[in-house]
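What's in query_19.cif: mmCIF, C-alpha atoms
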data_entry
loop_
_atom_site.label_atom_id
_atom_site.label_comp_id
_atom_site.auth_asym_id
_atom_site.auth_seq_id
_atom_site.Cartn_x
_atom_site.Cartn_y
_atom_site.Cartn_z
CA MET A 1 33.64 -110.44 49.95
CA PRO A 2 30.12 -111.79 49.47
CA GLY A 3 29.57 -115.13 51.12
CA PHE A 4 32.97 -115.10 52.89
CA LYS A 5 32.78 -116.22 56.49
CA ALA A 6 35.92 -116.32 58.63
CA PRO A 7 36.01 -119.77 60.24
CA PHE A 8 37.74 -118.66 63.44
CA GLY A 9 36.81 -115.01 63.55
CA TRP A 10 40.38 -113.80 63.08
CA LEU A 11 40.70 -114.29 59.35
CA ARG A 12 39.80 -111.42 57.08
CA PRO A 13 39.30 -111.20 53.31
CA PRO A 14 42.58 -111.62 51.33
CA SER A 15 42.85 -107.91 50.44
CA VAL A 16 42.84 -106.95 54.13
CA LEU A 17 45.40 -109.64 54.92
CA ALA A 18 47.67 -108.43 52.13
CA SER A 19 47.45 -104.83 53.36
CA LEU A 20 48.13 -105.88 56.94
CA ALA A 21 51.13 -107.98 55.84
CA ALA A 22 52.54 -105.06 53.83
CA VAL A 23 52.26 -102.72 56.83
CA CYS A 24 53.90 -105.26 59.14
CA ILE A 25 56.76 -105.94 56.73
CA THR A 26 57.34 -102.20 56.19
CA ALA A 27 57.36 -101.56 59.96
CA TRP A 28 59.78 -104.45 60.52
CA ALA A 29 62.11 -103.25 57.76
CA ALA A 30 62.08 -99.72 59.15
CA ALA A 31 62.78 -100.98 62.67
CA PHE A 32 65.85 -102.85 61.47
CA GLY A 33 67.14 -100.03 59.31
CA LEU A 34 66.39 -101.73 56.02
CA LEU A 35 64.62 -98.67 54.66
CA GLY A 36 66.15 -95.25 54.19
CA HIS A 37 69.64 -94.69 55.50
CA PRO A 38 71.58 -97.81 56.47
CA GLN A 39 72.40 -98.17 60.14
CA PRO A 40 76.08 -98.49 61.12
CA VAL A 41 77.24 -102.01 61.88
CA GLY A 42 79.36 -102.60 64.98
CA ALA A 43 80.77 -106.00 64.02
CA ILE A 44 84.46 -106.35 63.24
CA THR A 45 85.33 -109.53 61.42
CA ALA A 46 88.89 -109.25 60.11
CA PRO A 47 91.41 -110.73 62.58
CA GLU A 48 93.68 -107.75 62.10
CA LEU A 49 90.90 -105.39 63.17
CA ARG A 50 89.89 -107.60 66.11
CA GLY A 51 93.49 -107.30 67.28
CA GLN A 52 92.78 -103.81 68.52
CA ARG A 53 90.68 -105.47 71.24
CA ALA A 54 93.55 -107.77 72.13
CA LEU A 55 95.41 -107.44 75.39
CA GLN A 56 97.63 -104.39 75.10
CA ASP A 57 99.52 -104.83 78.38
CA LEU A 58 102.02 -107.53 77.37
CA GLN A 59 104.90 -107.93 79.80
CA PRO A 60 107.60 -110.61 80.00
CA ASP A 61 106.45 -111.57 83.53
CA MET A 62 102.75 -112.44 83.42
CA ARG A 63 102.80 -115.42 85.76
CA GLY A 64 99.64 -116.21 87.66
CA ARG A 65 97.53 -113.61 85.84
CA ASN A 66 93.89 -113.98 84.89
CA LEU A 67 93.97 -113.80 81.09
CA GLN A 68 90.72 -115.61 80.38
CA GLN A 69 89.36 -115.11 76.85
CA GLN A 70 92.08 -112.62 75.91
CA GLU A 71 93.15 -112.36 72.27
CA PHE A 72 96.79 -112.50 71.26
CA LEU A 73 97.02 -111.69 67.55
CA LYS A 74 100.48 -112.16 66.07
CA ALA A 75 101.78 -111.56 69.58
CA SER A 76 105.52 -111.88 70.10
CA MET A 77 105.71 -113.53 73.51
CA ALA A 78 108.89 -115.57 73.11
CA GLY A 79 110.45 -116.24 76.50
CA TYR A 80 107.49 -114.82 78.46
CA ASP A 81 106.60 -116.27 81.86
CA LEU A 82 102.93 -117.25 81.83
CA SER A 83 103.31 -120.00 84.43
CA GLY A 84 100.20 -120.63 86.48
CA SER A 85 98.17 -118.17 84.39
CA ASP A 86 94.48 -118.65 83.69
CA LEU A 87 94.27 -118.64 79.90
CA ARG A 88 90.94 -120.47 79.57
CA GLY A 89 89.28 -119.54 76.29
CA ALA A 90 92.22 -117.38 75.20
CA VAL A 91 92.93 -117.01 71.49
CA PHE A 92 96.47 -117.11 70.12
CA ASN A 93 96.48 -116.45 66.38
CA SER A 94 99.87 -116.74 64.65
CA SER A 95 101.60 -115.91 67.92
CA ASP A 96 105.16 -116.68 69.02
CA LEU A 97 105.38 -118.48 72.37
CA GLN A 98 108.76 -120.08 71.74
CA ASP A 99 110.76 -120.62 74.94
CA ALA A 100 107.76 -119.37 76.98
CA ASN A 101 107.05 -120.73 80.45
CA LEU A 102 103.47 -122.03 80.49
CA SER A 103 104.02 -124.56 83.27
CA GLY A 104 100.88 -125.11 85.27
CA ALA A 105 98.89 -122.75 83.05
CA ASP A 106 95.22 -123.44 82.37
CA LEU A 107 94.63 -123.33 78.61
CA GLU A 108 91.33 -125.19 78.63
CA ASP A 109 89.16 -124.28 75.60
CA ALA A 110 91.96 -122.08 74.24
CA VAL A 111 92.46 -121.60 70.51
CA ALA A 112 96.03 -121.46 69.21
CA PHE A 113 96.07 -121.32 65.44
CA ALA A 114 99.48 -121.35 63.74
CA THR A 115 101.20 -120.56 67.03
CA ARG A 116 104.79 -121.53 67.87
CA PHE A 117 105.29 -123.33 71.20
CA ASP A 118 108.78 -124.55 70.27
CA ASN A 119 110.95 -125.20 73.36
CA SER A 120 108.24 -123.84 75.65
CA ASP A 121 107.54 -125.34 79.07
CA LEU A 122 104.04 -126.81 79.13
CA SER A 123 104.71 -129.11 82.07
CA GLY A 124 101.59 -129.56 84.18
CA ALA A 125 99.54 -127.35 81.85
CA VAL A 126 95.89 -128.13 81.13
CA LEU A 127 95.03 -127.93 77.43
CA ARG A 128 91.67 -129.71 77.53
CA ASN A 129 89.44 -129.01 74.52
CA ALA A 130 92.08 -126.67 73.07
CA MET A 131 92.11 -126.10 69.31
CA LEU A 132 95.79 -126.26 68.33
CA MET A 133 95.70 -126.53 64.54
CA GLN A 134 98.87 -125.69 62.63
CA SER A 135 100.68 -124.99 65.91
CA ARG A 136 104.19 -126.31 66.51
CA PHE A 137 105.61 -127.87 69.67
CA LYS A 138 109.15 -128.84 68.65
CA GLY A 139 111.20 -129.43 71.80
CA ALA A 140 108.36 -128.32 74.11
CA LEU A 141 108.43 -129.81 77.62
CA ILE A 142 105.07 -131.57 78.11
CA VAL A 143 105.62 -133.69 81.24
CA GLY A 144 102.27 -133.92 83.02
CA ALA A 145 100.40 -131.81 80.46
CA ASP A 146 96.74 -132.73 79.86
CA PHE A 147 95.70 -132.60 76.18
CA THR A 148 92.33 -134.36 76.66
CA ASP A 149 90.05 -133.70 73.65
CA ALA A 150 92.51 -131.15 72.23
CA VAL A 151 92.63 -130.89 68.45
CA LEU A 152 96.16 -131.20 67.04
CA ASP A 153 97.56 -131.84 63.60
CA LEU A 154 98.38 -135.56 63.33
CA PRO A 155 102.16 -135.09 62.82
CA GLU A 156 102.32 -132.89 65.95
CA GLN A 157 100.28 -135.37 67.96
CA LYS A 158 102.64 -138.19 66.95
CA ALA A 159 105.70 -136.10 67.79
CA LEU A 160 104.27 -135.22 71.20
CA CYS A 161 103.45 -138.89 71.86
CA ALA A 162 107.09 -139.79 71.24
CA ARG A 163 108.12 -137.80 74.32
CA ALA A 164 104.93 -137.75 76.43
CA SER A 165 105.26 -138.71 80.09
CA GLY A 166 103.88 -137.91 83.50
CA THR A 167 100.43 -137.27 84.92
CA ASN A 168 98.73 -133.92 85.37
CA VAL A 169 98.51 -133.10 89.08
CA ARG A 170 95.21 -131.19 88.75
CA THR A 171 93.27 -133.54 86.46
CA GLY A 172 94.98 -136.86 87.28
CA VAL A 173 95.21 -137.70 83.56
CA ALA A 174 98.39 -139.18 82.09
CA THR A 175 99.85 -137.10 79.27
CA ARG A 176 100.12 -140.15 76.98
CA ASP A 177 96.45 -141.01 77.58
CA SER A 178 95.33 -137.41 76.99
CA LEU A 179 97.10 -137.42 73.62
CA GLY A 180 95.62 -140.77 72.61
CA CYS A 181 99.07 -142.29 72.22
CA ARG A 182 99.35 -145.98 71.27
#
Produce structure tokens that represent the structure in this file.
Amino acid sequence: MPGFKAPFGWLRPPSVLASLAAVCITAWAAAFGLLGHPQPVGAITAPELRGQRALQDLQPDMRGRNLQQQEFLKASMAGYDLSGSDLRGAVFNSSDLQDANLSGADLEDAVAFATRFDNSDLSGAVLRNAMLMQSRFKGALIVGADFTDAVLDLPEQKALCARASGTNVRTGVATRDSLGCR
């Protein structure tokens, strides 16, 4: 280009820049499989498909086990003994934990969506930061359970407050305080 002078020495005439940009974009697209044949994707998004990665070794006596970040999809675990188990970050999706023994279990950062905890024993359990939406706790024993910063549906939170008592031995937090009871 007559009279064109690159101010910093790295700029080139627009036609060269356009060509360079086209080459870079084409190389990038090829590197990420955007040209030619599509590359297979390894992500699984449907909960039903993710279930194949869920814990397959379900047994009625699982007390004291390390079950961190395990997935329990539509798991039927009614009456199971999970007392003292490490369930931090575990995911329970539409699972049945009715009459289960979760006393002393660590469920910190767990997610339990639409899960039934009816008549389960959660005494002394730690449920800090747990996401418990649409889960039910009718008749669950919660003496000394710590629900600090857990997310519960308001009707469940009120029902739990009506029978909350005790203090968690590990965290030192009163169950009523952890639920924000008035």
Got a sec: who's within 8 Å of region 158-164 of chain A, counting all atoms listed in the file, leaving out chain neighbours fewer than 2 positions off, as a list in words?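 The residues satisfying every condition are Phe137, Ile142, Val143, Leu154, Pro155, Glu156, Gly166, Thr175, Arg176, Leu179 and Cys181 of chain A.
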On this structure, which residues satisfy the PyMOL selection byres ((chain A and resi 92) around 6), written as a list in words?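 Against this file, the PyMOL selection byres ((chain A and resi 92) around 6) returns the residues Phe72, Val91, Asn93, Ser95 and Ala112 of chain A.
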Store the residues picked out above in a file with C-alpha atoms, as a short mmCIF file (atom, residue, chain, number, x, y, z; two decimals), keeping the file's coordinate frame.
data_model
loop_
_atom_site.label_atom_id
_atom_site.label_comp_id
_atom_site.auth_asym_id
_atom_site.auth_seq_id
_atom_site.Cartn_x
_atom_site.Cartn_y
_atom_site.Cartn_z
CA PHE A 72 96.79 -112.50 71.26
CA VAL A 91 92.93 -117.01 71.49
CA ASN A 93 96.48 -116.45 66.38
CA SER A 95 101.60 -115.91 67.92
CA ALA A 112 96.03 -121.46 69.21
#
Among the residues A:Ser165, A:Gln68, A:Ser178, A:Ser76, the one that comes closest to Asp106 (chain A) [using all atoms listed in the file]: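 Among the listed residues, A:Gln68 lies closest to Asp106 (chain A).
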Report the residues retrieved by the PyMOL selection byres ((chain A and resi 138) around 8) from the displayed file, expressed as an mmCIF file with C-alpha atoms, in the frame of the given file.
data_model
loop_
_atom_site.group_PDB
_atom_site.id
_atom_site.type_symbol
_atom_site.label_atom_id
_atom_site.label_comp_id
_atom_site.auth_asym_id
_atom_site.auth_seq_id
_atom_site.Cartn_x
_atom_site.Cartn_y
_atom_site.Cartn_z
ATOM 1 C CA PHE A 117 105.290 -123.330 71.200
ATOM 2 C CA ASP A 118 108.780 -124.550 70.270
ATOM 3 C CA ASN A 119 110.950 -125.200 73.360
ATOM 4 C CA ARG A 136 104.190 -126.310 66.510
ATOM 5 C CA PHE A 137 105.610 -127.870 69.670
ATOM 6 C CA GLY A 139 111.200 -129.430 71.800
ATOM 7 C CA ALA A 140 108.360 -128.320 74.110
#
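Straight-line separation from CA of Phe113 (chain A) to CA of Gly180 (chain A): 20.7 Å.
Proximity to Val169 (chain A) was assessed for A:Val126, A:Ala90, A:Leu73, A:Met131 counting only C-alpha atoms; the smallest distance is recorded for A:Val126.
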Go through A:Lys74, A:Arg88, A:Arg128, A:Arg170 one by one, measure the shortest atom-to-atom distance of each to Gly144 (chain A) using only C-alpha atoms, and give the residue with the smallest value.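 Checking each of A:Lys74, A:Arg88, A:Arg128, A:Arg170 against Gly144 (chain A), counting only C-alpha atoms, the winner is A:Arg170.
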Restricting the calculation to all atoms listed in the file, which member of A:Gln69, A:Tyr80, A:Asp177, A:Thr148 is positioned closest to Asn101 (chain A)? A:Tyr80
Set the distance at 6 Å and use all atoms listed in the file: which residues neighbour Thr115 (chain A) once local chain neighbours fewer than 5 positions away are removed? I'd like the list as a ChimeraX atom specification. /A:94-96,135
Straight-line distance linking CA of Leu97 (chain A) with CA of Asp109 (chain A), stated in Å to one decimal: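 So the two atoms, CA of Leu97 (chain A) and CA of Asp109 (chain A), lie 17.5 Å apart.
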Interatomic distance (Å, one decimal) between CA of Ser123 (chain A) and CA of Leu67 (chain A): 18.7 Å
